[in-house]
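Source file: final_20.txt; contents: compact mmCIF, C-alpha atoms (C1' of nucleotides).
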```
# COMPACT_ATOMS: atom_id res chain seq x y z
CA MET A 1 0.00 0.00 0.00
CA LEU A 2 3.06 2.21 -0.18
CA ARG A 3 2.36 3.90 3.09
CA ILE A 4 4.21 6.00 5.58
CA SER A 5 4.52 4.68 9.13
CA LYS A 6 2.26 5.72 11.98
CA LEU A 7 5.10 7.57 13.65
CA THR A 8 5.59 9.60 10.49
CA ASP A 9 1.90 10.35 10.46
CA TYR A 10 2.17 11.53 14.06
CA ALA A 11 5.15 13.66 13.06
CA ILE A 12 3.06 15.46 10.45
CA LEU A 13 0.28 16.06 12.97
CA LEU A 14 2.75 17.30 15.57
CA MET A 15 4.40 19.65 13.13
CA VAL A 16 1.04 21.01 12.00
CA GLU A 17 0.08 21.68 15.61
CA LEU A 18 3.40 23.33 16.33
CA THR A 19 3.28 25.54 13.27
CA ARG A 20 -0.31 26.48 14.05
CA GLU A 21 0.64 27.44 17.56
CA GLY A 22 3.87 29.20 16.65
CA GLU A 23 4.89 29.30 20.28
CA MET A 24 6.35 26.63 22.52
CA LEU A 25 4.33 23.58 23.48
CA SER A 26 5.22 20.76 25.86
CA ALA A 27 5.23 17.14 24.77
CA HIS A 28 2.31 16.61 27.10
CA ALA A 29 0.21 19.32 25.50
CA LEU A 30 1.05 18.08 22.02
CA ALA A 31 0.25 14.49 22.91
CA ASP A 32 -3.15 15.63 24.13
CA ARG A 33 -3.87 17.48 20.91
CA ILE A 34 -3.08 14.62 18.57
CA HIS A 35 -4.44 11.94 20.92
CA VAL A 36 -1.39 9.78 21.45
CA GLU A 37 0.45 8.81 24.62
CA VAL A 38 3.02 11.26 25.92
CA PRO A 39 6.04 8.93 25.54
CA THR A 40 5.08 8.24 21.95
CA ALA A 41 4.82 11.92 21.15
CA GLY A 42 8.11 12.45 22.95
CA LYS A 43 9.80 9.83 20.83
CA VAL A 44 8.71 11.51 17.62
CA LEU A 45 9.53 14.97 18.90
CA LYS A 46 13.06 13.84 19.75
CA GLN A 47 13.56 12.72 16.18
CA LEU A 48 12.13 15.97 14.84
CA SER A 49 14.46 17.85 17.15
CA SER A 50 17.58 15.99 16.09
CA ALA A 51 16.57 16.53 12.45
CA GLY A 52 16.52 20.24 13.16
CA LEU A 53 12.86 20.79 12.38
CA VAL A 54 12.02 21.84 15.93
CA GLU A 55 14.10 23.17 18.78
CA SER A 56 13.70 21.82 22.26
CA PHE A 57 13.93 23.51 25.63
CA ARG A 58 14.60 21.47 28.70
CA GLY A 59 13.65 22.07 32.26
CA ALA A 60 10.51 23.44 33.85
CA SER A 61 8.34 25.33 31.37
CA GLY A 62 10.32 23.73 28.58
CA GLY A 63 8.90 22.26 25.40
CA TYR A 64 9.22 22.32 21.64
CA ARG A 65 9.00 25.07 19.08
CA VAL A 66 9.28 25.05 15.31
CA CYS A 67 12.37 26.56 13.77
CA LYS A 68 10.76 27.72 10.53
CA ALA A 69 7.42 28.93 9.22
CA ALA A 70 4.78 26.46 8.07
CA THR A 71 5.30 27.57 4.49
CA ASP A 72 9.01 26.73 4.68
CA ILE A 73 8.62 23.16 5.92
CA SER A 74 7.59 20.47 3.46
CA VAL A 75 5.94 17.13 3.98
CA ALA A 76 9.09 15.59 2.55
CA ASP A 77 11.16 17.26 5.28
CA VAL A 78 9.07 15.65 7.97
CA ILE A 79 8.99 12.23 6.32
CA ALA A 80 12.75 12.29 5.84
CA ALA A 81 13.24 13.26 9.47
CA ILE A 82 11.47 10.14 10.67
CA GLU A 83 12.02 7.57 7.92
CA GLY A 84 15.27 8.68 6.37
CA PRO A 85 15.84 9.26 2.67
CA ILE A 86 12.77 8.84 0.49
CA ALA A 87 13.48 5.83 -1.71
CA MET A 88 11.14 3.17 -2.97
CA THR A 89 13.61 0.31 -3.22
CA GLU A 90 16.72 -0.69 -1.31
CA CYS A 91 18.87 -0.38 -4.39
CA SER A 92 17.69 3.11 -5.17
CA ALA A 93 18.81 4.21 -1.73
CA GLU A 94 22.13 2.39 -1.58
CA PRO A 95 24.12 1.15 -4.57
CA GLY A 96 25.61 -2.31 -4.78
CA LEU A 97 22.82 -4.25 -3.14
CA CYS A 98 21.23 -5.61 -6.29
CA GLN A 99 22.74 -8.97 -7.15
CA VAL A 100 20.86 -9.27 -10.41
CA GLU A 101 23.20 -7.58 -12.80
CA ASP A 102 21.04 -8.08 -15.85
CA ASN A 103 18.11 -6.35 -14.29
CA CYS A 104 20.09 -3.55 -12.75
CA ASN A 105 19.12 -1.15 -15.50
CA LEU A 106 15.94 -0.94 -13.48
CA ARG A 107 17.86 0.73 -10.71
CA GLY A 108 18.27 4.03 -12.48
CA ASN A 109 14.58 4.13 -13.23
CA TRP A 110 13.69 3.37 -9.64
CA GLN A 111 15.88 6.26 -8.59
CA ARG A 112 14.07 8.54 -10.98
CA ILE A 113 10.71 7.43 -9.65
CA SER A 114 11.87 7.96 -6.09
CA ILE A 115 13.08 11.42 -7.00
CA ALA A 116 9.74 12.21 -8.57
CA VAL A 117 7.88 11.12 -5.47
CA ALA A 118 10.27 13.02 -3.23
CA ARG A 119 9.77 16.16 -5.29
CA ALA A 120 6.02 15.79 -5.13
CA LEU A 121 6.24 15.63 -1.36
CA ALA A 122 8.74 18.46 -1.22
CA GLU A 123 6.30 20.72 -3.02
CA VAL A 124 3.68 20.38 -0.31
CA SER A 125 4.23 22.60 2.72
CA LEU A 126 2.80 22.11 6.17
CA ALA A 127 0.77 25.24 5.58
CA GLU A 128 -0.89 23.56 2.62
CA MET A 129 -1.41 20.37 4.60
CA ALA A 130 -3.15 22.29 7.37
CA ALA A 131 -5.37 24.17 4.95
CA PRO A 132 -8.70 22.73 3.82
CA VAL A 133 -8.75 21.07 0.44
CA PRO A 134 -9.52 23.70 -2.18
CA ARG A 135 -12.46 23.04 -4.47
CA ASN A 136 -12.67 23.29 -8.22
CA ARG A 137 -9.01 22.91 -8.79
CA SER A 138 -7.15 20.18 -10.52
CA ALA A 139 -5.71 18.18 -7.69
CA LEU A 140 -2.19 17.90 -8.98
CA ARG A 141 -0.28 18.07 -12.17
CA ILE A 142 0.62 14.72 -13.59
CA VAL A 143 4.18 13.55 -13.46
CA THR A 144 5.66 11.85 -16.45
CA LEU A 145 8.82 9.90 -16.88
CA ASN A 146 10.84 10.83 -19.94
CA ALA A 147 9.24 14.23 -20.14
CA GLY A 148 11.00 16.14 -22.89
CA MET B 1 11.85 5.26 3.80
CA LEU B 2 8.53 5.02 1.98
CA ARG B 3 9.42 1.85 0.20
CA ILE B 4 7.62 -0.86 -1.69
CA SER B 5 7.88 -4.39 -0.31
CA LYS B 6 10.31 -6.98 -1.61
CA LEU B 7 7.49 -9.00 -3.12
CA THR B 8 6.41 -5.95 -5.09
CA ASP B 9 9.96 -5.50 -6.26
CA TYR B 10 9.96 -9.12 -7.40
CA ALA B 11 6.68 -8.51 -9.17
CA ILE B 12 8.22 -5.70 -11.21
CA LEU B 13 11.18 -7.89 -12.11
CA LEU B 14 8.91 -10.79 -13.06
CA MET B 15 6.73 -8.58 -15.21
CA VAL B 16 9.75 -7.09 -16.95
CA GLU B 17 11.04 -10.59 -17.71
CA LEU B 18 7.66 -11.71 -18.96
CA THR B 19 7.16 -8.69 -21.19
CA ARG B 20 10.69 -9.07 -22.53
CA GLU B 21 10.03 -12.68 -23.36
CA GLY B 22 6.56 -12.16 -24.75
CA GLU B 23 5.96 -15.91 -24.71
CA MET B 24 5.11 -18.24 -21.90
CA LEU B 25 7.55 -18.93 -19.08
CA SER B 26 7.27 -21.34 -16.17
CA ALA B 27 7.54 -20.19 -12.58
CA HIS B 28 10.76 -22.17 -12.37
CA ALA B 29 12.35 -20.40 -15.32
CA LEU B 30 11.26 -17.02 -14.01
CA ALA B 31 12.55 -17.73 -10.52
CA ASP B 32 15.93 -18.56 -12.03
CA ARG B 33 16.05 -15.33 -13.97
CA ILE B 34 15.33 -13.04 -11.05
CA HIS B 35 17.23 -15.17 -8.54
CA VAL B 36 14.54 -16.00 -6.05
CA GLU B 37 13.19 -19.35 -4.84
CA VAL B 38 10.53 -20.98 -6.98
CA PRO B 39 7.77 -20.90 -4.31
CA THR B 40 8.39 -17.22 -3.76
CA ALA B 41 8.13 -16.46 -7.46
CA GLY B 42 5.03 -18.62 -7.61
CA LYS B 43 3.41 -16.69 -4.82
CA VAL B 44 3.92 -13.40 -6.60
CA LEU B 45 2.87 -14.81 -9.96
CA LYS B 46 -0.40 -16.04 -8.46
CA GLN B 47 -1.16 -12.53 -7.28
CA LEU B 48 -0.28 -11.10 -10.66
CA SER B 49 -2.52 -13.68 -12.24
CA SER B 50 -5.52 -12.98 -10.06
CA ALA B 51 -5.01 -9.26 -10.73
CA GLY B 52 -5.32 -10.01 -14.42
CA LEU B 53 -1.85 -8.83 -15.37
CA VAL B 54 -0.71 -12.27 -16.50
CA GLU B 55 -2.58 -15.36 -17.59
CA SER B 56 -1.61 -18.76 -16.27
CA PHE B 57 -1.64 -22.17 -17.93
CA ARG B 58 -1.69 -25.26 -15.80
CA GLY B 59 -0.37 -28.69 -16.50
CA ALA B 60 2.78 -29.87 -18.17
CA SER B 61 4.41 -27.19 -20.30
CA GLY B 62 2.27 -24.66 -18.50
CA GLY B 63 3.44 -21.31 -17.24
CA TYR B 64 2.67 -17.62 -17.26
CA ARG B 65 2.27 -15.12 -20.02
CA VAL B 66 1.55 -11.39 -20.01
CA CYS B 67 -1.86 -10.25 -21.14
CA LYS B 68 -0.79 -6.86 -22.50
CA ALA B 69 2.21 -5.19 -24.08
CA ALA B 70 4.95 -3.72 -21.94
CA THR B 71 3.90 -0.23 -22.97
CA ASP B 72 0.38 -0.85 -21.71
CA ILE B 73 1.31 -1.97 -18.20
CA SER B 74 2.33 0.62 -15.65
CA VAL B 75 4.41 0.35 -12.53
CA ALA B 76 1.31 1.44 -10.63
CA ASP B 77 -0.60 -1.54 -12.04
CA VAL B 78 1.97 -3.95 -10.69
CA ILE B 79 2.25 -2.25 -7.31
CA ALA B 80 -1.52 -2.20 -6.93
CA ALA B 81 -1.70 -5.89 -7.84
CA ILE B 82 0.56 -6.81 -4.94
CA GLU B 83 0.00 -4.12 -2.34
CA GLY B 84 -3.53 -2.98 -3.04
CA PRO B 85 -4.59 0.62 -3.57
CA ILE B 86 -1.78 3.14 -3.49
CA ALA B 87 -2.37 5.28 -0.40
CA MET B 88 0.10 6.83 1.96
CA THR B 89 -2.02 6.82 5.09
CA GLU B 90 -4.73 4.59 6.46
CA CYS B 91 -7.26 7.38 6.42
CA SER B 92 -6.61 8.26 2.81
CA ALA B 93 -7.43 4.68 1.86
CA GLU B 94 -10.47 4.17 4.07
CA PRO B 95 -12.63 6.93 5.53
CA GLY B 96 -13.71 7.04 9.14
CA LEU B 97 -10.55 5.75 10.74
CA CYS B 98 -9.20 9.07 11.91
CA GLN B 99 -10.38 9.79 15.43
CA VAL B 100 -8.89 13.25 15.52
CA GLU B 101 -11.68 15.34 14.10
CA ASP B 102 -9.84 18.63 14.35
CA ASN B 103 -6.96 17.37 12.28
CA CYS B 104 -9.06 15.58 9.72
CA ASN B 105 -8.74 18.38 7.25
CA LEU B 106 -5.39 16.74 6.63
CA ARG B 107 -7.15 13.74 5.19
CA GLY B 108 -8.15 15.40 1.96
CA ASN B 109 -4.61 16.58 1.43
CA TRP B 110 -3.21 13.12 2.08
CA GLN B 111 -5.59 11.78 -0.52
CA ARG B 112 -4.37 14.33 -3.03
CA ILE B 113 -0.77 13.44 -2.33
CA SER B 114 -1.55 9.75 -2.72
CA ILE B 115 -3.26 10.48 -6.01
CA ALA B 116 -0.23 12.41 -7.19
CA VAL B 117 2.09 9.56 -6.33
CA ALA B 118 -0.23 7.04 -7.95
CA ARG B 119 -0.35 9.10 -11.11
CA ALA B 120 3.41 9.40 -11.20
CA LEU B 121 3.67 5.63 -11.01
CA ALA B 122 0.89 5.16 -13.53
CA GLU B 123 2.82 7.18 -16.07
CA VAL B 124 5.77 4.81 -16.03
CA SER B 125 5.32 1.72 -18.17
CA LEU B 126 7.19 -1.54 -17.85
CA ALA B 127 8.75 -0.76 -21.20
CA GLU B 128 10.25 2.38 -19.73
CA MET B 129 11.37 0.54 -16.61
CA ALA B 130 13.18 -2.03 -18.71
CA ALA B 131 14.86 0.58 -20.86
CA PRO B 132 18.16 2.12 -19.82
CA VAL B 133 17.99 5.51 -18.19
CA PRO B 134 18.10 8.13 -20.93
CA ARG B 135 20.78 10.76 -20.68
CA ASN B 136 20.48 14.51 -21.00
CA ARG B 137 16.83 14.61 -20.20
CA SER B 138 15.10 16.14 -17.25
CA ALA B 139 14.30 13.22 -15.05
CA LEU B 140 10.73 14.05 -14.29
CA ARG B 141 8.42 16.98 -14.23
CA ILE B 142 7.74 18.30 -10.80
CA VAL B 143 4.38 17.78 -9.21
CA THR B 144 2.82 20.64 -7.36
CA LEU B 145 -0.11 20.73 -5.01
CA ASN B 146 -2.58 23.51 -5.74
CA ALA B 147 -1.47 23.77 -9.32
CA GLY B 148 -3.81 26.19 -11.02
C1' DT C 1 19.59 24.65 48.16
C1' DT C 2 15.79 21.94 47.19
C1' DG C 3 11.95 20.31 44.64
C1' DA C 4 9.08 20.17 40.63
C1' DT C 5 8.93 19.85 35.84
C1' DA C 6 10.52 18.90 31.43
C1' DT C 7 13.45 16.94 27.72
C1' DA C 8 17.50 13.40 26.32
C1' DG C 9 18.80 9.02 25.61
C1' DG C 10 18.75 4.28 25.75
C1' DA C 11 16.76 -0.24 26.61
C1' DC C 12 13.08 -3.20 26.55
C1' DT C 13 8.56 -5.49 25.31
C1' DA C 14 4.62 -6.49 22.53
C1' DA C 15 2.27 -6.46 18.33
C1' DT C 16 2.18 -6.55 13.54
C1' DA C 17 3.79 -7.26 8.89
C1' DT C 18 6.66 -9.51 5.87
C1' DG C 19 9.05 -13.11 3.63
C1' DG C 20 9.68 -17.62 2.90
C1' DT C 21 8.38 -22.62 3.05
C1' DA C 22 5.60 -26.77 2.87
C1' DC C 23 1.83 -29.54 1.62
C1' DT C 24 -2.08 -31.03 -1.07
C1' DA C 25 -5.18 -30.68 -5.00
C1' DT C 26 -5.94 -30.01 -9.76
C1' DT C 27 -4.88 -29.64 -14.56
C1' DT C 28 -2.56 -30.86 -18.85
C1' DA C 29 0.80 -32.97 -22.17
C1' DC C 30 2.90 -36.98 -23.64
C1' DG D 1 -0.87 -43.51 -16.39
C1' DT D 2 2.87 -40.58 -15.34
C1' DA D 3 5.27 -36.43 -15.08
C1' DA D 4 5.13 -31.61 -14.82
C1' DA D 5 3.10 -27.54 -13.84
C1' DT D 6 -0.06 -24.15 -11.45
C1' DA D 7 -3.79 -23.26 -7.48
C1' DG D 8 -4.77 -22.84 -3.00
C1' DT D 9 -4.09 -23.02 1.80
C1' DA D 10 -1.69 -23.04 5.88
C1' DC D 11 2.22 -22.33 8.59
C1' DC D 12 6.58 -20.54 10.66
C1' DA D 13 10.55 -17.54 11.22
C1' DT D 14 12.12 -13.17 11.06
C1' DA D 15 12.13 -8.17 10.76
C1' DT D 16 9.99 -4.10 11.51
C1' DT D 17 7.17 -1.15 14.02
C1' DA D 18 4.86 0.81 17.92
C1' DG D 19 4.75 1.66 22.42
C1' DT D 20 6.54 1.81 27.23
C1' DC D 21 9.80 2.40 30.92
C1' DC D 22 13.80 4.02 33.33
C1' DT D 23 17.63 7.03 34.33
C1' DA D 24 20.18 11.24 33.48
C1' DT D 25 20.25 16.05 32.80
C1' DA D 26 18.63 20.74 32.50
C1' DT D 27 15.79 24.67 34.03
C1' DC D 28 12.79 27.36 36.85
C1' DA D 29 10.90 28.76 41.19
C1' DA D 30 10.29 28.83 46.06
```
Take the structure from the file and write it as structure tokens.
Amino acid sequence: MLRISKLTDYAILLMVELTREGEMLSAHALADRIHVEVPTAGKVLKQLSSAGLVESFRGASGGYRVCKAATDISVADVIAAIEGPIAMTECSAEPGLCQVEDNCNLRGNWQRISIAVARALAEVSLAEMAAPVPRNRSALRIVTLNAG
Amino acid sequence: MLRISKLTDYAILLMVELTREGEMLSAHALADRIHVEVPTAGKVLKQLSSAGLVESFRGASGGYRVCKAATDISVADVIAAIEGPIAMTECSAEPGLCQVEDNCNLRGNWQRISIAVARALAEVSLAEMAAPVPRNRSALRIVTLNAG
DNA sequence: TTGATATAGGACTAATATGGTACTATTTAC
DNA sequence: GTAAATAGTACCATATTAGTCCTATATCAA
């Protein structure tokens, strides 16, 4: 089903909440808002922090705050922070893993597909994610391989 | 890492081999070509068969054969045959699973992103996957959300 | 200085998904 | 009739994922 993990889904929700708020929020408050347990939210927030998407403040009245505006953070940024590089196959992420030499001309094409998907996700900001779906607009432009 | 499963990867390889060959191939011969065990190849081939991408012939000198030309089968077709509908989140595949009402305006956007990814994959045929990566061409057009 | 509160980091457990294997039934060619 | 091949089902081992817990450290306030 080509899906992102639950933790990545939480990460998007957390980032949307944080960018909405603008100010600092504790892990507890955030966990309440997205309806997950506090340790789970904490786990995701730690990853977002080490990826540089949010900054953390320890101690009493500490918490998390976004580093950039909602328009400057993409869905791809958040996915990459939790799941690592966006790649659809092992061999498109790391070279040398495909033992089937004859078929390895597929690898380049997989890389191109992965890049296309990554770009699609990079074009969507958290601000757009948080906004309601606009009506009467073509959802997305179609991507084509081998576009001239 | 937003990846497809190994079995889906096998499915792409199997379909490429079958479209290359054009004629019928046994599960054993196919397993040899893509370097997996015969039962594993068989498992994938059964799914491809029930999805209508290949037709199967039982009995001695039986095997599998593609139903359409390589240019008429997309990567999305093969992925969908193995993994089901292409959707990045649970809620974009099935409605009513998101318990966070306030955040559910994200759902529509997830659906649009999933559609974009699905379209990108639908635009790539097996013929293109099997071909070497062309040089001096822009890899892919960029997808944008909210494209006018 | 002390206590309360909060994140950092790591380890651990449970649940789920995936990948692979085995077995039996059925079909077909020779 | 026999051999060869797919169909279908069930099963197991492993890997991944999700979630929890514990300790250390930092900060604020009384």
*Between atom CA of His28 of chain B and atom CA of Ala130 of chain B, measure the distance and give it in Å to one decimal.*
21.3 Å
_Would you compute the distance between atom CA of Tyr10 of chain A and atom CA of Val54 of chain A? Give it in Å to one decimal._
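Between these atoms lies a distance of 14.4 Å.
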Expected answer as an mmCIF file with C-alpha atoms (C1' of nucleotides), keeping the file's coordinate frame: all residues with atoms within 12 Å of (12.7, -11.8, 12.3), only C-alpha atoms (C1' of nucleotides):
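The result, stored in point.cif:
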```
data_model
loop_
_atom_site.group_PDB
_atom_site.id
_atom_site.type_symbol
_atom_site.label_atom_id
_atom_site.label_comp_id
_atom_site.auth_asym_id
_atom_site.auth_seq_id
_atom_site.Cartn_x
_atom_site.Cartn_y
_atom_site.Cartn_z
ATOM 1 C "C1'" DT C 16 2.180 -6.550 13.540
ATOM 2 C "C1'" DA C 17 3.790 -7.260 8.890
ATOM 3 C "C1'" DT C 18 6.660 -9.510 5.870
ATOM 4 C "C1'" DG C 19 9.050 -13.110 3.630
ATOM 5 C "C1'" DG C 20 9.680 -17.620 2.900
ATOM 6 C "C1'" DC D 12 6.580 -20.540 10.660
ATOM 7 C "C1'" DA D 13 10.550 -17.540 11.220
ATOM 8 C "C1'" DT D 14 12.120 -13.170 11.060
ATOM 9 C "C1'" DA D 15 12.130 -8.170 10.760
ATOM 10 C "C1'" DT D 16 9.990 -4.100 11.510
#
```
_Residues of chain C within 7 Å of chain A, counting all atoms listed in the file - could you list those as number ranges by chain?_
C: 5-7
*Name all residues at most 12 Å from DT13 of chain C (count all atoms listed in the file; drop same-chain ones fewer than 3 positions away) and give them as a PyMOL selection string.*
chain D and resi 18-21
*Determine which residues of chain D sit within 6 Å of chain A, taking into account only C-alpha atoms (C1' of nucleotides), and present them as a ChimeraX atom specification.*
/D:26-28
Pull C-alpha atoms (C1' of nucleotides) from the residues just selected and write them as an mmCIF file, in the coordinates of the input.
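Output contents, as saved in part.cif:
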```
data_model
loop_
_atom_site.group_PDB
_atom_site.id
_atom_site.type_symbol
_atom_site.label_atom_id
_atom_site.label_comp_id
_atom_site.auth_asym_id
_atom_site.auth_seq_id
_atom_site.Cartn_x
_atom_site.Cartn_y
_atom_site.Cartn_z
ATOM 1 C "C1'" DA D 26 18.630 20.740 32.500
ATOM 2 C "C1'" DT D 27 15.790 24.670 34.030
ATOM 3 C "C1'" DC D 28 12.790 27.360 36.850
#
```
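Here atom CA of Arg20 of chain A is placed at a distance of 10.7 Å from atom CA of Arg65 of chain A.
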At a cut-off of 12 Å, using all atoms listed in the file, what residues contact DT2 of chain D? Leave out same-chain residues fewer than 4 positions from it and give the result as a compact mmCIF listing (two decimals) with C-alpha atoms (C1' of nucleotides), in the coordinates of the input.
```
# COMPACT_ATOMS: atom_id res chain seq x y z
CA ALA B 60 2.78 -29.87 -18.17
C1' DT C 28 -2.56 -30.86 -18.85
C1' DA C 29 0.80 -32.97 -22.17
C1' DC C 30 2.90 -36.98 -23.64
```
*What's the 8 Å shell around Thr89 of chain B, counting all atoms listed in the file, without same-chain residues fewer than 4 positions away, as number ranges by chain?*
A: 3-5, 9; B: 93, 110
Residues from the last selection, C-alpha atoms, saved as a tab-separated table (two decimals), in the coordinates of the input:
```
chain	number	residue	atom	x	y	z
A	3	ARG	CA	2.36	3.90	3.09
A	4	ILE	CA	4.21	6.00	5.58
A	5	SER	CA	4.52	4.68	9.13
A	9	ASP	CA	1.90	10.35	10.46
B	93	ALA	CA	-7.43	4.68	1.86
B	110	TRP	CA	-3.21	13.12	2.08
```
*asked:* Given only C-alpha atoms as the basis, pick out the residue of B:Ala69, B:Leu2, B:Val16, B:Ala131 nearest to Ile115 of chain A.
replied: B:Leu2
_Using only C-alpha atoms, can you tell me which of B:Asn109, B:Ser49, B:Ser125, B:Thr8 comes closest to chain A?_
B:Asn109
Output segment 110-130 of chain B with N, CA and C atoms present, as a PDB file, in the frame of the given file.
```pdb
ATOM      1  N   TRP B 110      -3.912  14.397   2.224  1.00  0.00           N
ATOM      2  CA  TRP B 110      -3.210  13.120   2.080  1.00  0.00           C
ATOM      3  C   TRP B 110      -3.723  12.380   0.850  1.00  0.00           C
ATOM      4  N   GLN B 111      -5.023  12.443   0.655  1.00  0.00           N
ATOM      5  CA  GLN B 111      -5.590  11.780  -0.520  1.00  0.00           C
ATOM      6  C   GLN B 111      -5.020  12.369  -1.795  1.00  0.00           C
ATOM      7  N   ARG B 112      -4.890  13.685  -1.824  1.00  0.00           N
ATOM      8  CA  ARG B 112      -4.370  14.330  -3.030  1.00  0.00           C
ATOM      9  C   ARG B 112      -2.916  13.938  -3.253  1.00  0.00           C
ATOM     10  N   ILE B 113      -2.165  13.843  -2.175  1.00  0.00           N
ATOM     11  CA  ILE B 113      -0.770  13.440  -2.330  1.00  0.00           C
ATOM     12  C   ILE B 113      -0.687  12.008  -2.837  1.00  0.00           C
ATOM     13  N   SER B 114      -1.534  11.146  -2.274  1.00  0.00           N
ATOM     14  CA  SER B 114      -1.550   9.750  -2.720  1.00  0.00           C
ATOM     15  C   SER B 114      -1.899   9.663  -4.196  1.00  0.00           C
ATOM     16  N   ILE B 115      -2.862  10.479  -4.604  1.00  0.00           N
ATOM     17  CA  ILE B 115      -3.260  10.480  -6.010  1.00  0.00           C
ATOM     18  C   ILE B 115      -2.100  10.926  -6.886  1.00  0.00           C
ATOM     19  N   ALA B 116      -1.368  11.922  -6.411  1.00  0.00           N
ATOM     20  CA  ALA B 116      -0.230  12.410  -7.190  1.00  0.00           C
ATOM     21  C   ALA B 116       0.814  11.326  -7.367  1.00  0.00           C
ATOM     22  N   VAL B 117       1.100  10.628  -6.265  1.00  0.00           N
ATOM     23  CA  VAL B 117       2.090   9.560  -6.330  1.00  0.00           C
ATOM     24  C   VAL B 117       1.601   8.448  -7.248  1.00  0.00           C
ATOM     25  N   ALA B 118       0.331   8.099  -7.110  1.00  0.00           N
ATOM     26  CA  ALA B 118      -0.230   7.040  -7.950  1.00  0.00           C
ATOM     27  C   ALA B 118      -0.148   7.412  -9.425  1.00  0.00           C
ATOM     28  N   ARG B 119      -0.422   8.670  -9.711  1.00  0.00           N
ATOM     29  CA  ARG B 119      -0.350   9.100 -11.110  1.00  0.00           C
ATOM     30  C   ARG B 119       1.074   9.054 -11.626  1.00  0.00           C
ATOM     31  N   ALA B 120       2.003   9.449 -10.782  1.00  0.00           N
ATOM     32  CA  ALA B 120       3.410   9.400 -11.200  1.00  0.00           C
ATOM     33  C   ALA B 120       3.783   7.974 -11.564  1.00  0.00           C
ATOM     34  N   LEU B 121       3.338   7.031 -10.752  1.00  0.00           N
ATOM     35  CA  LEU B 121       3.670   5.630 -11.010  1.00  0.00           C
ATOM     36  C   LEU B 121       2.883   5.080 -12.193  1.00  0.00           C
ATOM     37  N   ALA B 122       1.708   5.631 -12.415  1.00  0.00           N
ATOM     38  CA  ALA B 122       0.890   5.160 -13.530  1.00  0.00           C
ATOM     39  C   ALA B 122       1.446   5.614 -14.870  1.00  0.00           C
ATOM     40  N   GLU B 123       2.271   6.644 -14.825  1.00  0.00           N
ATOM     41  CA  GLU B 123       2.820   7.180 -16.070  1.00  0.00           C
ATOM     42  C   GLU B 123       4.066   6.425 -16.531  1.00  0.00           C
ATOM     43  N   VAL B 124       4.560   5.553 -15.669  1.00  0.00           N
ATOM     44  CA  VAL B 124       5.770   4.810 -16.030  1.00  0.00           C
ATOM     45  C   VAL B 124       5.383   3.394 -16.441  1.00  0.00           C
ATOM     46  N   SER B 125       5.659   3.056 -17.684  1.00  0.00           N
ATOM     47  CA  SER B 125       5.320   1.720 -18.170  1.00  0.00           C
ATOM     48  C   SER B 125       6.466   0.750 -17.906  1.00  0.00           C
ATOM     49  N   LEU B 126       6.145  -0.530 -18.002  1.00  0.00           N
ATOM     50  CA  LEU B 126       7.190  -1.540 -17.850  1.00  0.00           C
ATOM     51  C   LEU B 126       8.237  -1.407 -18.942  1.00  0.00           C
ATOM     52  N   ALA B 127       7.796  -0.963 -20.112  1.00  0.00           N
ATOM     53  CA  ALA B 127       8.750  -0.760 -21.200  1.00  0.00           C
ATOM     54  C   ALA B 127       9.784   0.290 -20.811  1.00  0.00           C
ATOM     55  N   GLU B 128       9.318   1.342 -20.160  1.00  0.00           N
ATOM     56  CA  GLU B 128      10.250   2.380 -19.730  1.00  0.00           C
ATOM     57  C   GLU B 128      11.141   1.891 -18.599  1.00  0.00           C
ATOM     58  N   MET B 129      10.555   1.073 -17.717  1.00  0.00           N
ATOM     59  CA  MET B 129      11.370   0.540 -16.610  1.00  0.00           C
ATOM     60  C   MET B 129      12.493  -0.340 -17.142  1.00  0.00           C
ATOM     61  N   ALA B 130      12.185  -1.107 -18.183  1.00  0.00           N
ATOM     62  CA  ALA B 130      13.180  -2.030 -18.710  1.00  0.00           C
ATOM     63  C   ALA B 130      14.246  -1.323 -19.530  1.00  0.00           C
TER      64      ALA B 130
END
```
